[in-house]
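Engineer: If you scroll down you'll find the structure; I have some questions about it.
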Amino acid sequence: MVSGSDIVVETKNLTKIYRDFWGRQKVRALKALDLQIKRGEVFGLLGPNGSGKTTTIKLLLGLLFPTSGEIQILGKSASDVTKNERIGYLPEESYLYRFLNAEETLDFYGRLFNMSGVVRRQRVAQLINMVGLDAARKRQLREYSKGMTRRIGLAQALINDPDLILLDEPTSGLDPIGTKNMKDLIIELRNQGKTVIMSSHLLADVQDVCDRVGILYQGELKELGRVDELLQISTQTEIRAEGLSDGARKKIEQIIQEDGAALNFSGHPTTTLEELFLNIIAESEARPGRRVRGGAKE
Amino acid sequence: MIIEKPVPSLWEFLFVPSEYPISFGGLWIVVILALAFLTALAGLLFSILHAGSFGKGITGFGSNTVRTFADLFYLAPSRVWAIARLAVKESLRRRVLFLCVVFMLFLMFAGWFMNADRIDPAKQYLTFVLSMSTYLILLLAVFLSAFSLPNEIKSKTIFTIVTKPVRSSEIVLGRIIGFTIVGTAILVFMSLASYAFVSFSLQHEHVLTMEDLRPYEGSSPKILDSGATLLMVGSTRQKNNHRHGVEVYDDGTVLVEDVNNHAHDVTVISDILKSTGKISTDETGGLRFKVLPSREQLQARVPLYARSLVFRDTSGTDQAKGIDVGHEWQYRYYIGNFDKSSNDAGIFNFTGVTEKKFSDGLPVEMTLGVFRTYKGTIDKPVQASIAVRNPRNGLHAEVQIFHTEEYITKSLFIPRKISNVSADVVQRKSGGLETPSVIDPSLSTKRDFDLFEDFVADGEIELWIRCIDNQQFVGVSQFDVYLHEADASVFVNFFKGYYGIWQQMFLLLSFGVLFSTFLGGPVSMVAASGIMIAGFCKELMVQLAVRENLGGGPLESFMRMLKQSNLMEEMQKGMTASFVTSADYVSAFFLMMISRVIPPLSDYAYYKTALVAGFDIPANWIFVHSVTTFGYVLPIFFIAYIILSNREVAK
Ligand SMILES: Nc1ncnc2c1ncn2[C@@H]1O[C@H](COP(=O)(O)OP(=O)(O)O)[C@@H](O)[C@H]1O
Ligand SMILES: [Mg+2]
């Protein structure tokens with residue numbers, strides 16, 4: 001167990017039901033989510049479209065109110081505005097003011113943090129440089145490409161040098177180079193000791209940068225654990241040696257056979273997240289309900 | 001004349017109950033308490049329903065309430081300013097400045113189509129620019145404020161705002177301030193353009209030729225102090241619905257009569273005059289004149305109204321009300337005919353009449369009503385008289401007889417020296433009391449009087465208006481007769497008038513922002529427009545509510561319509577009647593509540609009325625209305641804040 005102060009985000013039994021105007025239930029978007037996210041880790045929320053990732057992030061930010069359950073974020077309630085002082089948020093799509101240019105955009109958000117003019121100018125220049133928009137700093141956002149919009153969105157999320165960063169589908173719409181840059185940046189943020197929560201439906205992204213992932217499917221948390229542990233196949237053992245003689249190999253095969261185990265040389269030594277993911281979906285379809293698997297629980 | 005009831009001082013307005021059993025300040029507190037109670041009740045119910053348990057609901061509500069109030073103290077001006085700046089930029093992006101172009105186009109068209117030759121061009125132009133400015137700016141206010149927040153929610157840009165340490169209060173306040181800045185800028189532009197337009201439109205010259213003049217044929221020659229002798233008299237040609245009388249003197253001096261607050265400079269063009277310095281009338285081809293352009297001056301008269309008006313009835317006793325001739329405006333009462341056997345008069349009690357203010361005498365201006373009991377010649381004016389009386393010793397003298405016509409403002413001057421009049425001492429009787437109790441006949445023995453020495457006592461003087469035409473009536477209200485105390489700056493008055501429009505704009509855009517915190521754009525716009533219409537019809541709503549109008553309340557009126565019964569007829573007694581009456585009573589109560597809360601936009605229209613009629617807008621109004629405006633905007637801001645901070649913006 002980790003000490004309380006090390007937990008940045010904690011949800012208990014977090015549930016969100018979308019209702020229509022008359023209070024009739026429309027969608028159960030999130031069902032009894034229990035999560036703990038520790039300081040300094042990169043946490044990935046993985047799941048197909050419509051699985052409740054965005055809903056979770058919005059609940060954490062107080063953009064939505066939970067139907068039931070509790071949220072502690074940076075030691076505060078999600079409805080507490082002061083928590084935002086130390087949070088950065090990149091929405092699913094960059095919802096920015098299209099009539100402002102890059103500098104004006106960042107200056108505006110800087111003002112919302114009550115930053116002084118000097119600090120603001122410095123920070124704006126630094127961030128524009130970091131996301132590589134120097135050439136387009138004076139252009140209105142309406143003229144930006146998808147990739148540029150994403151980058152200015154990220155710069156906006158980092159304006160206050162936050163401790164906790166929530167990124168909703170950070171790589172969506174980016175080309176391979178953009179994706180690579182984004183991932184490098186997330187790793188860089190982790191190296192600076194920041195906590196990152198990101199959502200994605202792209203498995204490779206999560207696999208590359210996340211320390212831990214939670215897999216959501218239809219609003220339910222199906223898997224939770226360290227990426228390396230999740231990808232381990234506990235029933236299989238891999239032995240890898242160099243310069244092994246044929247005799248020694250025979251002996252090993254023999255020992256395995258004596259043990260009653262099956263020798264299996266084919267396939268990859270570890271599974272991929274993709275396989276895991278498809279397995280989970282197949283399994284939930286076969287046996288609906290919450291899936292609890294040994295090793296997935298902390 | 002332009003006002004029907006006195007405008008109280010700020011102090012009276014806030015703390016002294018007058019028309020209603022409660023003063024505005026008191027009413028405000030009651031309404032705020034009621035609103036707070038209703039909001040708290042709604043919040044509590046919602047909280048309990050949402051939490052699913054009574055205890056949790058109450059604690060949730062409690063902490064939420066504490067947070068709501070505590071958060072107000074963290075309101076940061078820099079963040080408010082950031083939001084306000086954004087609102088300004090957003091408005092500019094929506095091309096609101098185009099409205100200035102639209103306004104200029106309107107002025108251009110008006111310039112082409114409006115005719116300065118109609119009656120009272122100044123009034124006509126002022127009414128046009130003020131109405132146009134009002135409509136355009138209120139439309140803008142409603143449009144900008146109603147759509148902005150819903151658009152942000154729709155485009156989800158609000159997500160990046162509310163996930164920063166921004167309070168809902170800052171979002172609401174920033175928006176109100178931002179739109180106010182935009183509206184103010186446009187309004188300043190409109191006021192300057194309007195002022196230029198009105199001034200320009202009133203600019204004119206007249207034609208003056210020898211044909212317009214005739215030789216002066218007075219019995220004695222008229223000679224100026226300079227020694228110049230009057231040669232010709234006449235008047236200019238008509239322009240902008242007026243002409244000026246002119247007097248041409250033999251040294252080339254031309255005196256021009258002041259009409260509508262302006263005169264023109266006229267020079268004589270003549271070779272002989274140039275060489276000899278004298279005009280000769282037998283110059284071949286006649287003289288030619290050059291009339292320089294001038295413009296009709298707008299006015300900003302500062303009136304001194306009577307403190308009270310009492311009616312002296314035929315028997316000579318004071319009454320609060322005069323003769324009610326029925327169908328006329330409620331606020332005016334009538335003075336009956338005065339002759340040997342009747343004492344009828346309307347007595348205006350003035351205070352604050354000092355020698356300093358009126359050193360030359362009293363400039364009296366009045367607009368009296370006329371009621372004829374027989375047709376006569378309809379356009380023949382009715383004869384009336386004005387008298388002064390000393391309220392202490394009763395010394396009374398009739399100073400002037402004049403003709404009065406309905407709707408025409410009459411100017412009289414009571415000079416400082418009142419000579420050659422036969423005065424008397426008149427007693428006033430009211431409630432068994434007689435003032436003065438003892439008559440001193442010696443007062444009226446002389447025939448020449450000084451206004452301030454003989455008739456004014458401690459700044460008080462009475463003006464008596466009498467109708468001296470047989471069987472006719474003259475109608476007066478307290479504000480029909482006033483002393484023209486001073487003239488204020490027309491330019492400043494113009495801006496005061498626009499301040500009235502500004503207040504309406506400020507109020508409406510606050511309402512727009514309020515509605516947009518919980519309604520969609522189009523619905524907010526309709527709601528804010530509804531407030532605008534209701535605000536302009538506030539008086540009607542109050543009338544409905546206090547059931548002053550004939551035919552009863554809404555339901556009763558409806559029943560009467562169904563039954564096609566007469567408005568005056570009593571309703572048949574019975575179940576239906578009592579149900580209808582009590583239902584109307586309840587609806588009247590709600591109407592009353594609602595109508596009290598609706599902003600009195602119609603009150604601000606007085607600014608326009610005053611400006612158009614050429615009156616200085618009193619500072620009192622500005623104070624009272626400013627307080628009223630902020631009295632509305634404060635709770636609006638608060639409610640908008642509460643709604644926005646308890647709303648799921650991502651829904
Ligand atoms: N505002 C909303 N009203 C109703 N249903 C919604 C709303 N937003 C999301 N949903 C539904 O909730 C579920 C989860 O959505 P979301 O959290 O956006 O998924 P993800 O981000 O994982 O793609 C989906 O079924 C979606 O249709
Ligand atoms: Mg999503």
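We label chains A, B, ... in the order they appear in the structure tokens, count residues from 1 in each chain, and number ligands from 1 in the order shown.
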Throw together the list of residues within 10 Å of ligand 1, counting only C-alpha atoms and all ligand atoms, and drop it here as a ChimeraX atom specification.
Structural biologist: /A:16-20,25-30,45-59,64,92,168-169,199-201,216-219 /B:648-651
Engineer: Can I get the selected residues back with C-alpha atoms, as a PDB file, in the first residue's frame?
Structural biologist:
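Result file selection-v8.pdb:
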```
ATOM      1  CA  LYS A  16     -21.991   8.270 -14.292  1.00  0.00           C
ATOM      2  CA  ILE A  17     -25.356   7.894 -15.891  1.00  0.00           C
ATOM      3  CA  TYR A  18     -26.263  10.331 -18.627  1.00  0.00           C
ATOM      4  CA  ARG A  19     -29.870  11.396 -18.411  1.00  0.00           C
ATOM      5  CA  ASP A  20     -32.007  13.364 -20.779  1.00  0.00           C
ATOM      6  CA  GLN A  25     -31.690   7.298 -18.150  1.00  0.00           C
ATOM      7  CA  LYS A  26     -29.893   7.404 -21.467  1.00  0.00           C
ATOM      8  CA  VAL A  27     -26.476   5.818 -21.077  1.00  0.00           C
ATOM      9  CA  ARG A  28     -24.597   4.212 -18.215  1.00  0.00           C
ATOM     10  CA  ALA A  29     -21.249   5.599 -19.260  1.00  0.00           C
ATOM     11  CA  LEU A  30     -19.235   4.610 -16.219  1.00  0.00           C
ATOM     12  CA  LEU A  45      -6.970   4.734 -19.834  1.00  0.00           C
ATOM     13  CA  LEU A  46      -7.437   2.321 -22.632  1.00  0.00           C
ATOM     14  CA  GLY A  47     -10.630   1.343 -24.314  1.00  0.00           C
ATOM     15  CA  PRO A  48     -12.529   1.390 -27.572  1.00  0.00           C
ATOM     16  CA  ASN A  49     -14.626   4.372 -28.590  1.00  0.00           C
ATOM     17  CA  GLY A  50     -17.523   4.986 -26.265  1.00  0.00           C
ATOM     18  CA  SER A  51     -16.058   3.002 -23.400  1.00  0.00           C
ATOM     19  CA  GLY A  52     -16.138   5.900 -20.936  1.00  0.00           C
ATOM     20  CA  LYS A  53     -12.607   7.323 -21.041  1.00  0.00           C
ATOM     21  CA  THR A  54     -13.630  10.891 -21.751  1.00  0.00           C
ATOM     22  CA  THR A  55     -16.414  10.614 -19.225  1.00  0.00           C
ATOM     23  CA  THR A  56     -13.892   9.580 -16.578  1.00  0.00           C
ATOM     24  CA  ILE A  57     -11.595  12.498 -17.353  1.00  0.00           C
ATOM     25  CA  LYS A  58     -14.467  14.978 -17.337  1.00  0.00           C
ATOM     26  CA  LEU A  59     -15.628  13.635 -13.998  1.00  0.00           C
ATOM     27  CA  LEU A  64     -19.437  16.469 -15.173  1.00  0.00           C
ATOM     28  CA  GLU A  92     -10.328  15.289 -26.854  1.00  0.00           C
ATOM     29  CA  ASP A 168      -7.658  12.933 -23.650  1.00  0.00           C
ATOM     30  CA  GLU A 169      -6.553  11.043 -26.749  1.00  0.00           C
ATOM     31  CA  SER A 199      -6.672   8.126 -22.558  1.00  0.00           C
ATOM     32  CA  SER A 200      -6.339   6.404 -25.857  1.00  0.00           C
ATOM     33  CA  HIS A 201      -7.895   3.818 -28.062  1.00  0.00           C
ATOM     34  CA  LEU A 216     -12.269   0.217 -19.895  1.00  0.00           C
ATOM     35  CA  TYR A 217     -14.947  -1.498 -21.825  1.00  0.00           C
ATOM     36  CA  GLN A 218     -18.551  -0.316 -21.839  1.00  0.00           C
ATOM     37  CA  GLY A 219     -17.971   1.747 -18.768  1.00  0.00           C
TER      38      GLY A 219
ATOM     39  CA  GLU B 648     -22.625  20.518 -15.629  1.00  0.00           C
ATOM     40  CA  VAL B 649     -21.007  22.419 -18.459  1.00  0.00           C
ATOM     41  CA  ALA B 650     -19.949  19.253 -20.298  1.00  0.00           C
ATOM     42  CA  LYS B 651     -23.467  17.918 -20.641  1.00  0.00           C
TER      43      LYS B 651
END
```
Engineer: Which residues of chain B are close to chain A, meaning at most 9 Å apart when you count only C-alpha atoms, and how do they look as a PyMOL selection string?
Structural biologist: chain B and resi 50-51+67+71+76+78-83+85-86+89-90+93+155-167+647-651
Engineer: CA of Ala141 in chain B and CA of Ile531 in chain B, how far apart in Å?
Structural biologist: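 Pair CA of Ile531 in chain B / CA of Ala141 in chain B returns 12.4 Å.
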Engineer: Residues near range 117-131 of chain A, anyone? I mean within 8 Å using only C-alpha atoms, not counting same-chain ones fewer than 6 positions away, as a list in words.
Structural biologist: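 With the cut-off at 8 Å, the set is Ala102, Glu103, Leu106, Asp107, Gly110, Arg111, Arg137, Arg151, Ile152, Leu154, Ala155, Leu158 and Ile159 of chain A.
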Engineer: Just asking: which residues within range 202-260 of chain A are strand (DSSP E or B) according to DSSP, as JSON, numbers by chain?
Structural biologist: {"A": [212, 213, 214, 215, 216, 217, 220, 221, 222, 223, 224, 225, 226]}
Engineer: Using only C-alpha atoms, please write the residues we just selected to a file, as a tab-separated table (two decimals), in the first residue's frame.
Structural biologist:
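Saved the output as out.tsv:
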```
chain	number	residue	atom	x	y	z
A	212	ARG	CA	0.12	1.46	-15.68
A	213	VAL	CA	-3.05	1.07	-17.68
A	214	GLY	CA	-6.68	0.58	-16.92
A	215	ILE	CA	-8.72	-1.03	-19.61
A	216	LEU	CA	-12.27	0.22	-19.90
A	217	TYR	CA	-14.95	-1.50	-21.82
A	220	GLU	CA	-16.41	-1.03	-16.75
A	221	LEU	CA	-12.83	-1.40	-15.69
A	222	LYS	CA	-11.70	-4.71	-17.07
A	223	GLU	CA	-8.00	-4.68	-16.31
A	224	LEU	CA	-5.73	-2.64	-14.17
A	225	GLY	CA	-2.03	-3.05	-13.65
A	226	ARG	CA	1.53	-2.41	-14.74
```
Engineer: How many Å lie between CA of Ser219 in chain B and CA of Gly234 in chain B, rounded to one decimal?
Structural biologist: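 CA of Ser219 in chain B sits 17.0 Å away from CA of Gly234 in chain B.
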Engineer: DSSP says alpha helix (DSSP H) for which residues of range 70-187 of chain A? Put them as an MDAnalysis selection string?
Structural biologist: chainID A and resid 102:112 117:130 146:157 176:187
Engineer: From the list B:Glu205, B:Glu398, B:Glu257, B:Asp448, which residue is nearest Leu463 in chain B when using only C-alpha atoms?
Structural biologist: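 Nearest candidate to Leu463 in chain B out of B:Glu205, B:Glu398, B:Glu257, B:Asp448: B:Glu398.
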Engineer: Extract, using only C-alpha atoms, all DNA, RNA and protein residues at most 10 Å from Leu140 in chain B, discarding same-chain residues fewer than 5 positions from it, and format them as a list in words.
Structural biologist: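 Close residues of Leu140 in chain B: Val96, Leu99, Thr134, Tyr135, Ser145, Ala146, Phe179, Val182, Gly183, Ile186, Met505, Leu508 and Leu509 of chain B.
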Engineer: Mind writing the picked residues with N, CA, C and O atoms as a short mmCIF file (atom, residue, chain, number, x, y, z; two decimals), in the first residue's frame?
Structural biologist:
```cif
data_model
loop_
_atom_site.label_atom_id
_atom_site.label_comp_id
_atom_site.auth_asym_id
_atom_site.auth_seq_id
_atom_site.Cartn_x
_atom_site.Cartn_y
_atom_site.Cartn_z
N VAL B 96 -19.56 43.36 -34.71
CA VAL B 96 -20.59 44.22 -34.12
C VAL B 96 -20.40 45.68 -34.54
O VAL B 96 -21.36 46.44 -34.55
N LEU B 99 -22.60 47.60 -36.80
CA LEU B 99 -23.78 48.32 -36.32
C LEU B 99 -23.58 49.83 -36.47
O LEU B 99 -24.54 50.57 -36.73
N THR B 134 -31.65 53.57 -29.38
CA THR B 134 -32.19 52.65 -28.38
C THR B 134 -32.46 51.28 -29.01
O THR B 134 -32.01 50.26 -28.50
N TYR B 135 -33.19 51.29 -30.12
CA TYR B 135 -33.53 49.99 -30.74
C TYR B 135 -32.29 49.20 -31.10
O TYR B 135 -32.16 48.03 -30.76
N SER B 145 -25.40 39.03 -25.63
CA SER B 145 -25.36 38.36 -24.33
C SER B 145 -26.05 37.01 -24.37
O SER B 145 -25.63 36.08 -23.72
N ALA B 146 -27.11 36.89 -25.17
CA ALA B 146 -27.87 35.64 -25.15
C ALA B 146 -27.14 34.51 -25.85
O ALA B 146 -27.28 33.36 -25.47
N PHE B 179 -19.27 42.83 -22.64
CA PHE B 179 -20.33 43.29 -23.53
C PHE B 179 -20.68 44.75 -23.24
O PHE B 179 -21.05 45.49 -24.15
N VAL B 182 -18.24 46.85 -25.13
CA VAL B 182 -18.58 46.92 -26.56
C VAL B 182 -19.78 47.85 -26.77
O VAL B 182 -19.74 48.76 -27.62
N GLY B 183 -20.82 47.62 -25.97
CA GLY B 183 -22.03 48.43 -26.11
C GLY B 183 -21.75 49.91 -25.85
O GLY B 183 -22.25 50.79 -26.56
N ILE B 186 -19.98 51.52 -28.80
CA ILE B 186 -20.91 51.77 -29.91
C ILE B 186 -21.84 52.93 -29.57
O ILE B 186 -22.14 53.79 -30.40
N MET B 505 -29.41 49.26 -21.77
CA MET B 505 -28.55 48.27 -22.41
C MET B 505 -27.88 47.38 -21.36
O MET B 505 -27.89 46.15 -21.46
N LEU B 508 -30.36 44.96 -19.83
CA LEU B 508 -30.79 43.87 -20.72
C LEU B 508 -29.67 42.89 -20.97
O LEU B 508 -29.92 41.68 -21.02
N LEU B 509 -28.45 43.37 -21.11
CA LEU B 509 -27.41 42.39 -21.36
C LEU B 509 -27.10 41.57 -20.12
O LEU B 509 -26.72 40.41 -20.23
#
```
Engineer: Would you compute the distance between CA of Phe536 in chain B and CA of Ser133 in chain B? Give it in Å to one decimal.
Structural biologist: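 One can read the CA of Phe536 in chain B to CA of Ser133 in chain B distance as 15.9 Å.
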Engineer: For Gly361 in chain B, find every residue with an atom within 9 Å (counting only C-alpha atoms), except residues of its own chain fewer than 3 positions away, and show them as a ChimeraX atom specification.
Structural biologist: /B:355,358,413-417,451-452
Engineer: What would the file look like if the residues just selected were written as a PDB file, in the first residue's frame with N, CA, C and O atoms?
Structural biologist:
```
ATOM      1  N   GLU B 355     -33.719  85.932  -5.079  1.00  0.00           N
ATOM      2  CA  GLU B 355     -33.355  87.070  -5.906  1.00  0.00           C
ATOM      3  C   GLU B 355     -32.136  86.729  -6.767  1.00  0.00           C
ATOM      4  O   GLU B 355     -31.990  87.212  -7.888  1.00  0.00           O
ATOM      5  N   PHE B 358     -33.400  84.683  -9.780  1.00  0.00           N
ATOM      6  CA  PHE B 358     -34.337  85.368 -10.675  1.00  0.00           C
ATOM      7  C   PHE B 358     -34.229  86.879 -10.503  1.00  0.00           C
ATOM      8  O   PHE B 358     -35.211  87.545 -10.175  1.00  0.00           O
ATOM      9  N   PHE B 413     -43.463  86.391 -18.722  1.00  0.00           N
ATOM     10  CA  PHE B 413     -42.414  86.909 -17.858  1.00  0.00           C
ATOM     11  C   PHE B 413     -43.040  87.827 -16.819  1.00  0.00           C
ATOM     12  O   PHE B 413     -43.724  88.784 -17.155  1.00  0.00           O
ATOM     13  N   ILE B 414     -42.856  87.505 -15.564  1.00  0.00           N
ATOM     14  CA  ILE B 414     -43.337  88.387 -14.500  1.00  0.00           C
ATOM     15  C   ILE B 414     -42.152  89.257 -14.111  1.00  0.00           C
ATOM     16  O   ILE B 414     -41.170  88.763 -13.541  1.00  0.00           O
ATOM     17  N   PRO B 415     -42.189  90.539 -14.460  1.00  0.00           N
ATOM     18  CA  PRO B 415     -41.006  91.372 -14.257  1.00  0.00           C
ATOM     19  C   PRO B 415     -40.769  91.671 -12.783  1.00  0.00           C
ATOM     20  O   PRO B 415     -41.652  91.502 -11.933  1.00  0.00           O
ATOM     21  N   ARG B 416     -39.570  92.082 -12.515  1.00  0.00           N
ATOM     22  CA  ARG B 416     -39.180  92.418 -11.154  1.00  0.00           C
ATOM     23  C   ARG B 416     -40.045  93.578 -10.625  1.00  0.00           C
ATOM     24  O   ARG B 416     -40.552  93.547  -9.512  1.00  0.00           O
ATOM     25  N   LYS B 417     -40.190  94.598 -11.464  1.00  0.00           N
ATOM     26  CA  LYS B 417     -41.019  95.751 -11.069  1.00  0.00           C
ATOM     27  C   LYS B 417     -42.428  95.550 -11.612  1.00  0.00           C
ATOM     28  O   LYS B 417     -42.627  95.462 -12.825  1.00  0.00           O
ATOM     29  N   LEU B 451     -41.243  92.641  -6.929  1.00  0.00           N
ATOM     30  CA  LEU B 451     -41.562  91.215  -6.809  1.00  0.00           C
ATOM     31  C   LEU B 451     -41.004  90.613  -5.523  1.00  0.00           C
ATOM     32  O   LEU B 451     -41.705  89.953  -4.766  1.00  0.00           O
ATOM     33  N   PHE B 452     -39.713  90.873  -5.278  1.00  0.00           N
ATOM     34  CA  PHE B 452     -39.091  90.204  -4.140  1.00  0.00           C
ATOM     35  C   PHE B 452     -39.419  90.866  -2.812  1.00  0.00           C
ATOM     36  O   PHE B 452     -39.565  90.190  -1.807  1.00  0.00           O
TER      37      PHE B 452
END
```
Engineer: Which residues are near Ser419 in chain B? Cut-off 9 Å, only C-alpha atoms, ignore same chain within fewer than 6 positions. Put them as a short mmCIF file (atom, residue, chain, number, x, y, z; two decimals) with C-alpha atoms, in the first residue's frame.
Structural biologist:
```cif
data_model
loop_
_atom_site.label_atom_id
_atom_site.label_comp_id
_atom_site.auth_asym_id
_atom_site.auth_seq_id
_atom_site.Cartn_x
_atom_site.Cartn_y
_atom_site.Cartn_z
CA ARG B 447 -49.80 100.62 -7.22
CA ASP B 448 -46.11 99.86 -7.90
CA PHE B 449 -44.53 96.79 -6.39
CA ASP B 450 -41.25 94.96 -6.26
#
```
